[in-house]
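Here the structure comes first, spelled out in structure tokens, and everything after it is commentary.
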Protein chains: 2
Amino acid sequence: MARFVSLESIDVRFPTSQHLDGSDAMNPEPDYSAAYVVVRTDADDGLEGHGFTFTTGRGNDVQTVASAALAPWLVGRDVDDVLSHLGPFGRELTHDPQLRWLGPEKGVVHMACGALINALWDLRAKRAGLPLWQLLSGLEPEEIVDLVDFRYLTDALTPADALALLRGAAPDRAERQRVLLERGYPAYTTTPGWLGYDDAKLARLAREAVADGFPLIKLKVGASLDDDLRRLAVARDAVGPSVGIAIDANQRWDVDEATAWMARLSEFDPYWIEEPTSPDDILGHAVIRAKIAPVRVATGEHAHSRVMVKQFLQAGAVDVIQIDASRVAGVNENVAILLLAAKFGIPVCPHAGGVGLCEVVRHLAMFDFVAVSGTMDDRFVEYVDHLHEHFVDPAVVVGGRYLAPTAPGTSAEMRRQSVLDHRFPDGPVWRDR
Amino acid sequence: MARFVSLESIDVRFPTSQHLDGSDAMNPEPDYSAAYVVVRTDADDGLEGHGFTFTTGRGNDVQTVASAALAPWLVGRDVDDVLSHLGPFGRELTHDPQLRWLGPEKGVVHMACGALINALWDLRAKRAGLPLWQLLSGLEPEEIVDLVDFRYLTDALTPADALALLRGAAPDRAERQRVLLERGYPAYTTTPGWLGYDDAKLARLAREAVADGFPLIKLKVGASLDDDLRRLAVARDAVGPSVGIAIDANQRWDVDEATAWMARLSEFDPYWIEEPTSPDDILGHAVIRAKIAPVRVATGEHAHSRVMVKQFLQAGAVDVIQIDASRVAGVNENVAILLLAAKFGIPVCPHAGGVGLCEVVRHLAMFDFVAVSGTMDDRFVEYVDHLHEHFVDPAVVVGGRYLAPTAPGTSAEMRRQSVLDHRFPDGPVWRDR
């Protein structure tokens, strides 16, 4: 019988602030980072599970300590037993009454649970020889329902609701899998739109995005209204009338500010406005959405749990839910969120970028298409062309579409040399700064 | 010119799970703990600032690391400058774009900011020779407004609103301060009601509470409906018809479960039902409140920021807001919450107990009475008779009322020997376990 023997937690940081990649109205100089987790067993298959929490630099040390603190829940346990019961294992972590006090189900500890749960999914998928999306898409509806923590959800989504949704989508899974493998999944790109880029770079990158086949690009807004108006004009000129331009305020505005800015920015027909205000302000989003219709409102990358997403949906506060691979309690909680969104008929357009987020979250969108919502309509996964070279199974986007990954696992695994080079503060990239 | 020279962060834990003190439906065996912070300067006054985050055991190590990680924001800075600008200093911490990614404004990092901000208030009050409540109550309305982070609040509370409230309460501050020093502030007690206590102990402690003059006691509920019905009957029998009995489900129920249980428990005329469901479920609380009226709904000890409290008020989801001294970004954010509650006319009944919470939070209730809401009607501060002996300036409750503290500071300072004895895992209390 194989047992878990270790949980390694590593502070990995990339000095992205140097070139203002990733700069927006709330994150002027992020250093894209990962609190990176590796779980190992004493099985003779040599397989490891990899997962991470994405952060933007300072505080990645705290996140790394939080992940390491979860080792006692894992080390010494039976590998088969844990991996075949990832629903109950996830609930054991997130329901721990003492750890739970530090959230509950939010912030550093919750994200640490997510990193560990994702690492276990990586190991399970590698042992099954399947990419995560395909592993999940092959589970029986009952097995998928068992992954979900229904605590606090049942006024909006019951186990019976979830089962009915999954059974409804089951008959056409094989056909959709075929479509996915053949055509991939729609992507949009944020590469042109960082706030730190000048107009010439924005125009060049926007034209390249169109040439590359992206149907939608995204611009950061919210620091200066005049700049936003000018940059939107530059972008619209570059991409022409038929390519969508989403905009992202990264939580910069108060409620009234958001409606005032959007009254000016809406002339550029934005595809959506993302994070117009606090990611916790459900009622604020509902007010903004009502006032700026028909412009769509999108949020979710900072929604810290299924309870928040439930309310955004109940309140009619959003048109688009943006899941994040490493914000909530891993694959399990994202499955809950996909089911909630399907129940309410709201499209999920995952947040990505950062480091490793594109790699992992594409699996969840593809699982959603095959086994949950059953559609790619109005759905796009974010793409940013940063840092993919550090991953063993990097995201590949061709003609504006993510190809379906085929390597076993969640694609979270970073190249060992990249981890060693970027370890903070003692890796060679940081040692001499 | 004096400078800050260190931020010490210490993992302090009390083995309270031994006797089931503090046991409730979600926290069966808490070890009351503090991620304890001491800030020191090179001034020759010998004064230190003390603050803490309260936790329930596991994870206190992570919280301690998070507090320590804030040292670079403090060490080396001018003491007078920081202490005379605690509003801007608090915003500098909570707006830091990289740290902020780990919340934003929630969980471990946000509570660490709170511990540091509270420690700085402790030092400021000691230097002023005043207890915190009196220091705050002596500030000009403009100075108090400057403590508040209005980001995300202005659709519910503007700086002008806050100023008007504070100016309206200003003329009678001196009279209310006199009343407070003479009569203290109403308390209620949770000492009888822990779930781990048997009926005889519950009845005995409930009778003692009445004899001690408490107008209100609180019982934990939510683990077993039959037990709750029996225990409520025991408690009602013990306290008689005129003493209030509040009940606390500690987040145990889903929305529909809460209304079903309350349909049964309401025959005992509970003074309020506290935390009936997820502390993040604003809309759920609103549904529960509408269905179980006239029973009051209370929550707030786990409301992670002013943005959550704003929405509970906007949604008409609560009758009582329960602030916590160490959950949000310290005194500053609690001032914001007191102002929000006053604007909406909702009473604040602070959460306390744990370790050190009674000591600190009484200052905020007293400041509210003197300078914000101007009333003690329908207001009580929670009291639990645990662990006060470890504090230099312990809470004193006489005749069911908190006496106004007169020692300079926030009362967060723990006796040095208590800190050393309970340091985890190397203090003598833990070393041999």
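Identifiers in this document derive from the order of the structure tokens: chains are assigned A, B, ..., residues are numbered from 1 separately in each chain, and ligands are numbered from 1 in order of occurrence.
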Which neighbours of A:Ala115 fall inside 6 Å, counting only C-alpha atoms, when residues of the same chain fewer than 4 positions from it are skipped, and could you give them as a ChimeraX atom specification? /A:51-53
Within 6 Å of chain B, which residues of chain A show up when using only C-alpha atoms, listed as a PDB file with N, CA and C atoms, in the first residue's frame?
```pdb
ATOM      1  N   ASN A  27      -2.832  46.874  -9.707  1.00  0.00           N
ATOM      2  CA  ASN A  27      -1.609  46.067  -9.584  1.00  0.00           C
ATOM      3  C   ASN A  27      -0.543  46.670 -10.476  1.00  0.00           C
ATOM      4  N   THR A  56       0.974  37.767  -6.399  1.00  0.00           N
ATOM      5  CA  THR A  56       1.653  38.800  -7.183  1.00  0.00           C
ATOM      6  C   THR A  56       2.923  39.320  -6.507  1.00  0.00           C
ATOM      7  N   GLY A  57       3.499  38.489  -5.608  1.00  0.00           N
ATOM      8  CA  GLY A  57       4.803  38.877  -5.063  1.00  0.00           C
ATOM      9  C   GLY A  57       4.854  38.860  -3.550  1.00  0.00           C
ATOM     10  N   ARG A  58       4.908  40.048  -2.951  1.00  0.00           N
ATOM     11  CA  ARG A  58       4.942  40.130  -1.488  1.00  0.00           C
ATOM     12  C   ARG A  58       3.801  39.311  -0.894  1.00  0.00           C
ATOM     13  N   GLY A  59       4.098  38.553   0.126  1.00  0.00           N
ATOM     14  CA  GLY A  59       3.078  37.697   0.720  1.00  0.00           C
ATOM     15  C   GLY A  59       3.136  36.268   0.204  1.00  0.00           C
ATOM     16  N   VAL A  62       4.137  34.018   2.936  1.00  0.00           N
ATOM     17  CA  VAL A  62       3.072  33.639   3.869  1.00  0.00           C
ATOM     18  C   VAL A  62       2.231  32.505   3.258  1.00  0.00           C
ATOM     19  N   ALA A  66       1.571  28.666   4.580  1.00  0.00           N
ATOM     20  CA  ALA A  66       0.226  28.120   4.772  1.00  0.00           C
ATOM     21  C   ALA A  66       0.083  26.768   4.079  1.00  0.00           C
ATOM     22  N   PRO A  97     -12.281  22.753  11.960  1.00  0.00           N
ATOM     23  CA  PRO A  97     -12.830  23.896  12.704  1.00  0.00           C
ATOM     24  C   PRO A  97     -11.775  24.914  13.123  1.00  0.00           C
ATOM     25  N   GLN A  98     -10.554  24.465  13.364  1.00  0.00           N
ATOM     26  CA  GLN A  98      -9.542  25.425  13.814  1.00  0.00           C
ATOM     27  C   GLN A  98      -8.983  26.216  12.619  1.00  0.00           C
ATOM     28  N   LEU A  99      -8.610  25.518  11.546  1.00  0.00           N
ATOM     29  CA  LEU A  99      -8.149  26.230  10.345  1.00  0.00           C
ATOM     30  C   LEU A  99      -9.235  27.155   9.798  1.00  0.00           C
ATOM     31  N   LEU A 102      -9.672  30.901  10.409  1.00  0.00           N
ATOM     32  CA  LEU A 102      -8.832  31.879   9.706  1.00  0.00           C
ATOM     33  C   LEU A 102      -9.468  32.367   8.404  1.00  0.00           C
ATOM     34  N   GLY A 103     -10.602  31.846   8.051  1.00  0.00           N
ATOM     35  CA  GLY A 103     -11.352  32.315   6.888  1.00  0.00           C
ATOM     36  C   GLY A 103     -12.672  32.875   7.356  1.00  0.00           C
ATOM     37  N   LYS A 106     -11.782  31.426   2.942  1.00  0.00           N
ATOM     38  CA  LYS A 106     -11.322  32.603   2.204  1.00  0.00           C
ATOM     39  C   LYS A 106      -9.873  32.890   2.551  1.00  0.00           C
ATOM     40  N   GLY A 107      -9.220  33.591   1.650  1.00  0.00           N
ATOM     41  CA  GLY A 107      -7.877  34.069   1.948  1.00  0.00           C
ATOM     42  C   GLY A 107      -6.828  32.971   1.905  1.00  0.00           C
ATOM     43  N   VAL A 108      -5.727  33.259   2.582  1.00  0.00           N
ATOM     44  CA  VAL A 108      -4.511  32.457   2.477  1.00  0.00           C
ATOM     45  C   VAL A 108      -4.747  30.973   2.773  1.00  0.00           C
ATOM     46  N   TYR A 152     -24.169  25.403   2.484  1.00  0.00           N
ATOM     47  CA  TYR A 152     -24.511  26.788   2.133  1.00  0.00           C
ATOM     48  C   TYR A 152     -24.972  26.954   0.675  1.00  0.00           C
ATOM     49  N   ASP A 254     -15.583  52.791  -6.860  1.00  0.00           N
ATOM     50  CA  ASP A 254     -16.770  52.656  -6.032  1.00  0.00           C
ATOM     51  C   ASP A 254     -17.981  52.501  -6.967  1.00  0.00           C
TER      52      ASP A 254
END
```
Pick out the residues sitting within 7 Å of B:Pro186, and hand them over as a PDB file with N, CA and C atoms, in the first residue's frame; count only C-alpha atoms, and ignore anything fewer than 6 positions along from it in its own chain.
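Result saved to around_19.pdb:
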```pdb
ATOM      1  N   ARG B 379     -28.064  47.469  23.297  1.00  0.00           N
ATOM      2  CA  ARG B 379     -26.650  47.167  23.039  1.00  0.00           C
ATOM      3  C   ARG B 379     -26.036  46.463  24.238  1.00  0.00           C
ATOM      4  N   PHE B 380     -25.258  45.436  23.962  1.00  0.00           N
ATOM      5  CA  PHE B 380     -24.589  44.635  24.988  1.00  0.00           C
ATOM      6  C   PHE B 380     -23.260  44.187  24.403  1.00  0.00           C
ATOM      7  N   VAL B 381     -22.240  44.136  25.222  1.00  0.00           N
ATOM      8  CA  VAL B 381     -20.975  43.539  24.802  1.00  0.00           C
ATOM      9  C   VAL B 381     -20.911  42.128  25.384  1.00  0.00           C
ATOM     10  N   GLY B 400     -23.407  42.820  35.841  1.00  0.00           N
ATOM     11  CA  GLY B 400     -23.826  42.678  34.451  1.00  0.00           C
ATOM     12  C   GLY B 400     -23.421  43.830  33.552  1.00  0.00           C
ATOM     13  N   ARG B 401     -22.439  44.618  34.009  1.00  0.00           N
ATOM     14  CA  ARG B 401     -21.972  45.742  33.171  1.00  0.00           C
ATOM     15  C   ARG B 401     -20.446  45.801  33.167  1.00  0.00           C
ATOM     16  N   TYR B 402     -19.912  46.079  31.972  1.00  0.00           N
ATOM     17  CA  TYR B 402     -18.476  46.310  31.842  1.00  0.00           C
ATOM     18  C   TYR B 402     -18.136  47.665  32.454  1.00  0.00           C
TER      19      TYR B 402
END
```
Name the residues of stretch 143-195 of chain B that come out as alpha helix (DSSP H) in a backbone DSSP run; write them as a ChimeraX atom specification. /B:143-145,159-169,173-183
Residues within 12 Å of B:Ala293, please, as a tab-separated table (two decimals) with all heavy atoms, in the first residue's frame. Count only C-alpha atoms; anything in the same chain fewer than 3 positions from it doesn't count.
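Output (out_38.tsv):
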```tsv
chain	number	residue	atom	x	y	z
B	259	THR	N	-34.31	28.26	8.76
B	259	THR	CA	-35.71	28.64	8.98
B	259	THR	C	-36.48	27.49	9.62
B	259	THR	O	-37.33	27.72	10.48
B	259	THR	CB	-36.38	29.11	7.67
B	259	THR	OG1	-36.31	28.06	6.72
B	259	THR	CG2	-35.69	30.33	7.12
B	262	MET	N	-35.45	27.30	13.31
B	262	MET	CA	-35.95	28.45	14.06
B	262	MET	C	-37.46	28.38	14.26
B	262	MET	O	-37.98	28.92	15.24
B	262	MET	CB	-35.52	29.76	13.39
B	262	MET	CG	-34.03	30.06	13.55
B	262	MET	SD	-33.47	29.98	15.29
B	262	MET	CE	-34.48	31.28	16.00
B	263	ALA	N	-38.16	27.71	13.35
B	263	ALA	CA	-39.60	27.52	13.55
B	263	ALA	C	-39.84	26.74	14.85
B	263	ALA	O	-40.83	26.96	15.55
B	263	ALA	CB	-40.20	26.76	12.36
B	266	SER	N	-38.19	29.07	18.10
B	266	SER	CA	-38.73	30.41	18.39
B	266	SER	C	-39.73	30.40	19.55
B	266	SER	O	-39.98	31.45	20.14
B	266	SER	CB	-39.36	31.02	17.14
B	266	SER	OG	-40.42	30.20	16.71
B	269	ASP	N	-38.70	32.19	22.59
B	269	ASP	CA	-38.55	33.63	22.51
B	269	ASP	C	-37.08	34.06	22.57
B	269	ASP	O	-36.68	34.86	23.42
B	269	ASP	CB	-39.34	34.31	23.65
B	269	ASP	CG	-39.38	35.82	23.49
B	269	ASP	OD1	-39.25	36.30	22.34
B	269	ASP	OD2	-39.51	36.51	24.52
B	270	PRO	N	-36.25	33.53	21.66
B	270	PRO	CA	-34.83	33.90	21.70
B	270	PRO	C	-34.63	35.39	21.42
B	270	PRO	O	-35.34	35.96	20.58
B	270	PRO	CB	-34.19	33.05	20.59
B	270	PRO	CG	-35.30	32.66	19.70
B	270	PRO	CD	-36.54	32.60	20.54
B	271	TYR	N	-33.67	35.96	22.12
B	271	TYR	CA	-33.44	37.40	21.96
B	271	TYR	C	-32.87	37.69	20.57
B	271	TYR	O	-33.17	38.71	19.97
B	271	TYR	CB	-32.50	37.90	23.05
B	271	TYR	CG	-32.38	39.40	23.06
B	271	TYR	CD1	-33.38	40.19	23.63
B	271	TYR	CD2	-31.30	40.04	22.48
B	271	TYR	CE1	-33.30	41.57	23.61
B	271	TYR	CE2	-31.20	41.42	22.46
B	271	TYR	CZ	-32.20	42.18	23.03
B	271	TYR	OH	-32.13	43.55	23.00
B	272	TRP	N	-32.00	36.80	20.11
B	272	TRP	CA	-31.60	36.83	18.69
B	272	TRP	C	-31.11	35.45	18.29
B	272	TRP	O	-30.80	34.64	19.16
B	272	TRP	CB	-30.53	37.89	18.40
B	272	TRP	CG	-29.14	37.65	18.97
B	272	TRP	CD1	-28.35	36.54	18.83
B	272	TRP	CD2	-28.36	38.57	19.74
B	272	TRP	NE1	-27.14	36.71	19.46
B	272	TRP	CE2	-27.12	37.94	20.04
B	272	TRP	CE3	-28.58	39.87	20.20
B	272	TRP	CZ2	-26.12	38.55	20.79
B	272	TRP	CZ3	-27.57	40.48	20.94
B	272	TRP	CH2	-26.37	39.83	21.23
B	273	ILE	N	-31.06	35.20	17.00
B	273	ILE	CA	-30.34	34.03	16.49
B	273	ILE	C	-29.09	34.56	15.78
B	273	ILE	O	-29.16	35.42	14.90
B	273	ILE	CB	-31.18	33.15	15.54
B	273	ILE	CG1	-30.31	32.05	14.89
B	273	ILE	CG2	-31.89	33.97	14.47
B	273	ILE	CD1	-29.74	31.05	15.84
B	285	HIS	N	-28.98	35.48	4.78
B	285	HIS	CA	-29.42	36.11	6.03
B	285	HIS	C	-30.70	36.92	5.81
B	285	HIS	O	-31.59	36.93	6.67
B	285	HIS	CB	-28.33	37.01	6.62
B	285	HIS	CG	-27.28	36.28	7.38
B	285	HIS	ND1	-26.24	35.62	6.79
B	285	HIS	CD2	-27.10	36.09	8.72
B	285	HIS	CE1	-25.47	35.07	7.71
B	285	HIS	NE2	-25.97	35.34	8.90
B	286	ALA	N	-30.78	37.61	4.68
B	286	ALA	CA	-31.97	38.42	4.40
B	286	ALA	C	-33.20	37.53	4.29
B	286	ALA	O	-34.27	37.86	4.81
B	286	ALA	CB	-31.76	39.24	3.12
B	287	VAL	N	-33.07	36.38	3.64
B	287	VAL	CA	-34.19	35.45	3.51
B	287	VAL	C	-34.58	34.90	4.88
B	287	VAL	O	-35.76	34.86	5.24
B	287	VAL	CB	-33.81	34.28	2.55
B	287	VAL	CG1	-34.85	33.16	2.62
B	287	VAL	CG2	-33.66	34.80	1.13
B	288	ILE	N	-33.59	34.49	5.64
B	288	ILE	CA	-33.86	33.94	6.98
B	288	ILE	C	-34.56	34.98	7.84
B	288	ILE	O	-35.56	34.70	8.49
B	288	ILE	CB	-32.55	33.47	7.64
B	288	ILE	CG1	-31.97	32.27	6.89
B	288	ILE	CG2	-32.77	33.13	9.12
B	288	ILE	CD1	-30.52	31.95	7.24
B	289	ARG	N	-34.03	36.19	7.83
B	289	ARG	CA	-34.62	37.24	8.67
B	289	ARG	C	-36.07	37.48	8.32
B	289	ARG	O	-36.94	37.62	9.21
B	289	ARG	CB	-33.81	38.54	8.53
B	289	ARG	CG	-34.37	39.68	9.36
B	289	ARG	CD	-33.40	40.86	9.42
B	289	ARG	NE	-33.98	41.94	10.21
B	289	ARG	CZ	-34.54	43.03	9.70
B	289	ARG	NH1	-34.59	43.21	8.38
B	289	ARG	NH2	-35.06	43.95	10.49
B	290	ALA	N	-36.36	37.53	7.02
B	290	ALA	CA	-37.74	37.78	6.60
B	290	ALA	C	-38.66	36.64	7.07
B	290	ALA	O	-39.80	36.88	7.46
B	290	ALA	CB	-37.80	37.92	5.08
B	296	ARG	N	-34.89	38.33	16.05
B	296	ARG	CA	-33.79	39.12	15.48
B	296	ARG	C	-32.70	38.23	14.91
B	296	ARG	O	-32.44	37.15	15.43
B	296	ARG	CB	-33.15	40.00	16.55
B	296	ARG	CG	-33.99	41.11	17.11
B	296	ARG	CD	-33.16	41.86	18.16
B	296	ARG	NE	-33.96	42.81	18.93
B	296	ARG	CZ	-34.70	42.48	19.99
B	296	ARG	NH1	-34.75	41.22	20.40
B	296	ARG	NH2	-35.39	43.39	20.63
B	297	VAL	N	-32.03	38.72	13.88
B	297	VAL	CA	-30.88	38.03	13.29
B	297	VAL	C	-29.63	38.86	13.58
B	297	VAL	O	-29.62	40.07	13.36
B	297	VAL	CB	-31.06	37.83	11.78
B	297	VAL	CG1	-29.79	37.28	11.14
B	297	VAL	CG2	-32.24	36.90	11.50
B	317	ALA	N	-30.52	42.59	6.09
B	317	ALA	CA	-30.30	41.18	6.41
B	317	ALA	C	-30.09	40.92	7.89
B	317	ALA	O	-30.10	39.76	8.31
B	317	ALA	CB	-29.08	40.65	5.63
B	318	VAL	N	-29.89	41.98	8.68
B	318	VAL	CA	-29.57	41.79	10.10
B	318	VAL	C	-30.24	42.84	10.98
B	318	VAL	O	-30.54	43.96	10.54
B	318	VAL	CB	-28.04	41.89	10.36
B	318	VAL	CG1	-27.32	40.68	9.81
B	318	VAL	CG2	-27.47	43.18	9.80
B	319	ASP	N	-30.45	42.44	12.23
B	319	ASP	CA	-30.98	43.36	13.25
B	319	ASP	C	-29.88	43.84	14.18
B	319	ASP	O	-30.06	44.83	14.89
B	319	ASP	CB	-32.03	42.64	14.10
B	319	ASP	CG	-33.19	42.17	13.26
B	319	ASP	OD1	-34.09	42.98	13.00
B	319	ASP	OD2	-33.18	40.99	12.83
```
Close residues, B:Asp228 itself excluded, 10 Å, only C-alpha atoms, min 3 positions apart in chain, as a ChimeraX atom specification: /B:195,219-225,231-234,247,261,264-265
If we count only C-alpha atoms and set the cut-off at 7 Å, which residues sit around A:Ala325, ignoring sequence neighbours fewer than 5 positions away in its own chain? Please answer as a PyMOL selection string. chain A and resi 330+357+360-361
